[in-house]
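**Student:** Below is structure24.pdb; it holds PDB, C-alpha atoms.
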```pdb
ATOM      1  CA  MET O 161       2.996  -6.205  -1.493
ATOM      2  CA  LEU O 162       4.263  -6.548   2.069
ATOM      3  CA  THR O 163       2.859  -3.135   3.000
ATOM      4  CA  ILE O 164      -0.679  -4.064   2.005
ATOM      5  CA  ASN O 165      -0.527  -7.413   3.798
ATOM      6  CA  LEU O 166       0.732  -5.738   6.964
ATOM      7  CA  GLY O 167      -2.038  -3.153   6.623
ATOM      8  CA  VAL O 168      -4.668  -5.875   6.358
ATOM      9  CA  LEU O 169      -3.234  -7.626   9.400
ATOM     10  CA  LEU O 170      -3.263  -4.429  11.451
ATOM     11  CA  ALA O 171      -6.804  -3.612  10.300
ATOM     12  CA  MET O 172      -7.978  -7.047  11.449
ATOM     13  CA  ILE O 173      -6.279  -6.589  14.823
ATOM     14  CA  VAL O 174      -7.935  -3.185  15.271
ATOM     15  CA  PHE O 175     -11.327  -4.584  14.241
ATOM     16  CA  PHE O 176     -11.195  -7.415  16.760
ATOM     17  CA  ARG O 177      -9.847  -5.183  19.539
ATOM     18  CA  LEU O 178     -12.624  -2.633  19.036
ATOM     19  CA  ARG O 179     -15.351  -5.302  19.070
ATOM     20  CA  ARG O 180     -14.814  -5.870  22.778
ATOM     21  CA  ARG O 181     -16.965  -4.001  25.265
ATOM     22  CA  THR O 182     -15.558  -0.720  26.551
ATOM     23  CA  GLU O 183     -15.962  -1.683  30.210
ATOM     24  CA  ALA O 184     -13.641  -4.653  29.737
ATOM     25  CA  ARG O 185     -10.694  -2.499  28.627
ATOM     26  CA  SER O 186      -7.956  -1.198  30.870
ATOM     27  CA  ARG O 187      -6.119   2.062  30.259
ATOM     28  CA  ASN O 188      -3.060   0.163  29.007
ATOM     29  CA  ASP O 189      -5.276  -1.816  26.637
ATOM     30  CA  GLU O 190      -6.689   1.416  25.211
ATOM     31  CA  LYS O 191      -3.172   2.860  24.789
ATOM     32  CA  LEU O 192      -2.085  -0.261  22.903
ATOM     33  CA  THR O 193      -5.106   0.065  20.614
ATOM     34  CA  VAL O 194      -4.181   3.683  19.861
ATOM     35  CA  ILE O 195      -0.595   2.673  19.042
ATOM     36  CA  ILE O 196      -1.826  -0.079  16.706
ATOM     37  CA  VAL O 197      -4.209   2.346  14.957
ATOM     38  CA  LEU O 198      -1.375   4.856  14.490
ATOM     39  CA  ALA O 199       0.843   2.112  13.050
ATOM     40  CA  LEU O 200      -1.984   1.178  10.668
ATOM     41  CA  GLY O 201      -2.192   4.803   9.536
ATOM     42  CA  VAL O 202       1.552   4.940   8.894
ATOM     43  CA  VAL O 203       1.436   1.698   6.889
ATOM     44  CA  ILE O 204      -1.596   2.705   4.817
ATOM     45  CA  ALA O 205      -0.596   6.348   4.180
ATOM     46  CA  PRO O 206       1.851   5.828   1.249
ATOM     47  CA  THR O 207      -0.405   3.367  -0.589
ATOM     48  CA  PRO O 208      -2.923   4.434  -3.266
ATOM     49  CA  VAL O 209      -5.752   3.487  -0.897
ATOM     50  CA  GLY O 210      -4.267   5.713   1.792
ATOM     51  CA  GLN O 211      -3.908   8.597  -0.645
ATOM     52  CA  GLY O 212      -7.540   8.159  -1.716
ATOM     53  CA  ILE O 213      -8.695   8.238   1.910
ATOM     54  CA  PHE O 214      -6.574  11.343   2.515
ATOM     55  CA  GLU O 215      -8.048  13.136  -0.504
ATOM     56  CA  PHE O 216     -11.596  12.138   0.466
ATOM     57  CA  LEU O 217     -11.157  13.398   4.024
ATOM     58  CA  GLY O 218      -9.628  16.636   2.714
ATOM     59  CA  GLN O 219     -12.601  17.228   0.431
ATOM     60  CA  LEU O 220     -15.001  16.392   3.254
ATOM     61  CA  ALA O 221     -13.270  18.813   5.621
ATOM     62  CA  SER O 222     -13.226  21.606   3.040
ATOM     63  CA  GLY O 223     -16.910  20.989   2.275
ATOM     64  CA  ILE O 224     -17.790  21.236   5.949
ATOM     65  CA  THR O 225     -15.693  24.395   6.324
ATOM     66  CA  ASP O 226     -17.276  26.008   3.245
ATOM     67  CA  SER O 227     -20.811  25.183   4.388
ATOM     68  CA  SER O 228     -20.267  26.736   7.828
ATOM     69  CA  ARG O 229     -19.376  30.175   6.363
TER      70      ARG O 229
END
```
Please express the file's structure as C-alpha cells.

**Tutor:**
Amino acid sequence: MLTINLGVLLAMIVFFRLRRRTEARSRNDEKLTVIIVLALGVVIAPTPVGQGIFEFLGQLASGITDSSR
C-alpha cells in the first residue's frame, strides 16, 4: 500500500514539474526532475502496474523491431 501511495505522489510531482515551461528550468532543476523520474520508475517497477507497463513496452519494442526487418 505504501509503495502505490509513494508512486502516486512521485507521479504528481513529475506532472507538475513538467508542466512548467522549458525556458524557466535550470540545469540543476532538470537533473532533479530526472532523479525524481528514476525514483518513480524504481517504485513502480515491482508493482503489477509496473509489470504491465514493462510487458507492454517489450511487446511494442519487439513489434517495431519485427516490422523493420

**Student:** Expand the PyMOL selection byres ((chain O and resi 166-176) around 8) into the individual residues it matches in the shown file, reporting them as an NGL selection string.

**Tutor:** :O and (162-165 or 177-180 or 193 or 196-197 or 199-200 or 203-204)

**Student:** Would you compute the distance between atom CA of Arg187 of chain O and atom CA of Ala205 of chain O? Give it in Å to one decimal.

**Tutor:**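 One can read the atom CA of Arg187 of chain O to atom CA of Ala205 of chain O distance as 27.0 Å.
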
**Student:** Taking all atoms of segment 198-207 of chain O that appear in the file, build a box with edges along x, y and z, extend it by 8 Å on every side, and state its centre and edge lengths in Å to one decimal, as AutoDock Vina command-line options.

**Tutor:**
```
--center_x -0.2 --center_y 3.8 --center_z 7.0 --size_x 20.0 --size_y 21.2 --size_z 31.1
```

**Student:** Could you add whatever atoms are missing so that segment 201-219 of chain O carries N, CA and C atoms, then write the result as a PDB file, in the frame of the given file?

**Tutor:**
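Result file is selection30.pdb:
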```pdb
ATOM      1  N   GLY O 201      -2.184   3.574  10.335  1.00  0.00           N
ATOM      2  CA  GLY O 201      -2.192   4.803   9.536  1.00  0.00           C
ATOM      3  C   GLY O 201      -0.872   5.032   8.822  1.00  0.00           C
ATOM      4  N   VAL O 202       0.225   4.761   9.507  1.00  0.00           N
ATOM      5  CA  VAL O 202       1.552   4.940   8.894  1.00  0.00           C
ATOM      6  C   VAL O 202       1.759   3.948   7.760  1.00  0.00           C
ATOM      7  N   VAL O 203       1.268   2.725   7.927  1.00  0.00           N
ATOM      8  CA  VAL O 203       1.436   1.698   6.889  1.00  0.00           C
ATOM      9  C   VAL O 203       0.558   2.000   5.676  1.00  0.00           C
ATOM     10  N   ILE O 204      -0.660   2.471   5.913  1.00  0.00           N
ATOM     11  CA  ILE O 204      -1.596   2.705   4.817  1.00  0.00           C
ATOM     12  C   ILE O 204      -1.301   4.009   4.074  1.00  0.00           C
ATOM     13  N   ALA O 205      -0.753   5.004   4.754  1.00  0.00           N
ATOM     14  CA  ALA O 205      -0.596   6.348   4.180  1.00  0.00           C
ATOM     15  C   ALA O 205       0.083   6.384   2.806  1.00  0.00           C
ATOM     16  N   PRO O 206       1.201   5.694   2.562  1.00  0.00           N
ATOM     17  CA  PRO O 206       1.851   5.828   1.249  1.00  0.00           C
ATOM     18  C   PRO O 206       1.195   5.019   0.129  1.00  0.00           C
ATOM     19  N   THR O 207       0.225   4.189   0.440  1.00  0.00           N
ATOM     20  CA  THR O 207      -0.405   3.367  -0.589  1.00  0.00           C
ATOM     21  C   THR O 207      -1.466   4.175  -1.339  1.00  0.00           C
ATOM     22  N   PRO O 208      -1.858   3.736  -2.533  1.00  0.00           N
ATOM     23  CA  PRO O 208      -2.923   4.434  -3.266  1.00  0.00           C
ATOM     24  C   PRO O 208      -4.231   4.508  -2.480  1.00  0.00           C
ATOM     25  N   VAL O 209      -4.542   3.465  -1.723  1.00  0.00           N
ATOM     26  CA  VAL O 209      -5.752   3.487  -0.897  1.00  0.00           C
ATOM     27  C   VAL O 209      -5.645   4.578   0.161  1.00  0.00           C
ATOM     28  N   GLY O 210      -4.488   4.678   0.783  1.00  0.00           N
ATOM     29  CA  GLY O 210      -4.267   5.713   1.792  1.00  0.00           C
ATOM     30  C   GLY O 210      -4.360   7.106   1.211  1.00  0.00           C
ATOM     31  N   GLN O 211      -3.825   7.288   0.012  1.00  0.00           N
ATOM     32  CA  GLN O 211      -3.908   8.597  -0.645  1.00  0.00           C
ATOM     33  C   GLN O 211      -5.351   8.935  -0.995  1.00  0.00           C
ATOM     34  N   GLY O 212      -6.126   7.943  -1.414  1.00  0.00           N
ATOM     35  CA  GLY O 212      -7.540   8.159  -1.716  1.00  0.00           C
ATOM     36  C   GLY O 212      -8.320   8.559  -0.470  1.00  0.00           C
ATOM     37  N   ILE O 213      -8.047   7.887   0.649  1.00  0.00           N
ATOM     38  CA  ILE O 213      -8.695   8.238   1.910  1.00  0.00           C
ATOM     39  C   ILE O 213      -8.317   9.657   2.314  1.00  0.00           C
ATOM     40  N   PHE O 214      -7.041  10.002   2.165  1.00  0.00           N
ATOM     41  CA  PHE O 214      -6.574  11.343   2.515  1.00  0.00           C
ATOM     42  C   PHE O 214      -7.273  12.410   1.670  1.00  0.00           C
ATOM     43  N   GLU O 215      -7.379  12.171   0.375  1.00  0.00           N
ATOM     44  CA  GLU O 215      -8.048  13.136  -0.504  1.00  0.00           C
ATOM     45  C   GLU O 215      -9.533  13.257  -0.168  1.00  0.00           C
ATOM     46  N   PHE O 216     -10.184  12.120   0.104  1.00  0.00           N
ATOM     47  CA  PHE O 216     -11.596  12.138   0.466  1.00  0.00           C
ATOM     48  C   PHE O 216     -11.825  12.934   1.751  1.00  0.00           C
ATOM     49  N   LEU O 217     -11.001  12.674   2.761  1.00  0.00           N
ATOM     50  CA  LEU O 217     -11.157  13.398   4.024  1.00  0.00           C
ATOM     51  C   LEU O 217     -10.867  14.885   3.856  1.00  0.00           C
ATOM     52  N   GLY O 218      -9.909  15.226   2.991  1.00  0.00           N
ATOM     53  CA  GLY O 218      -9.628  16.636   2.714  1.00  0.00           C
ATOM     54  C   GLY O 218     -10.800  17.326   2.055  1.00  0.00           C
ATOM     55  N   GLN O 219     -11.426  16.655   1.089  1.00  0.00           N
ATOM     56  CA  GLN O 219     -12.601  17.228   0.431  1.00  0.00           C
ATOM     57  C   GLN O 219     -13.775  17.345   1.401  1.00  0.00           C
TER      58      GLN O 219
END
```
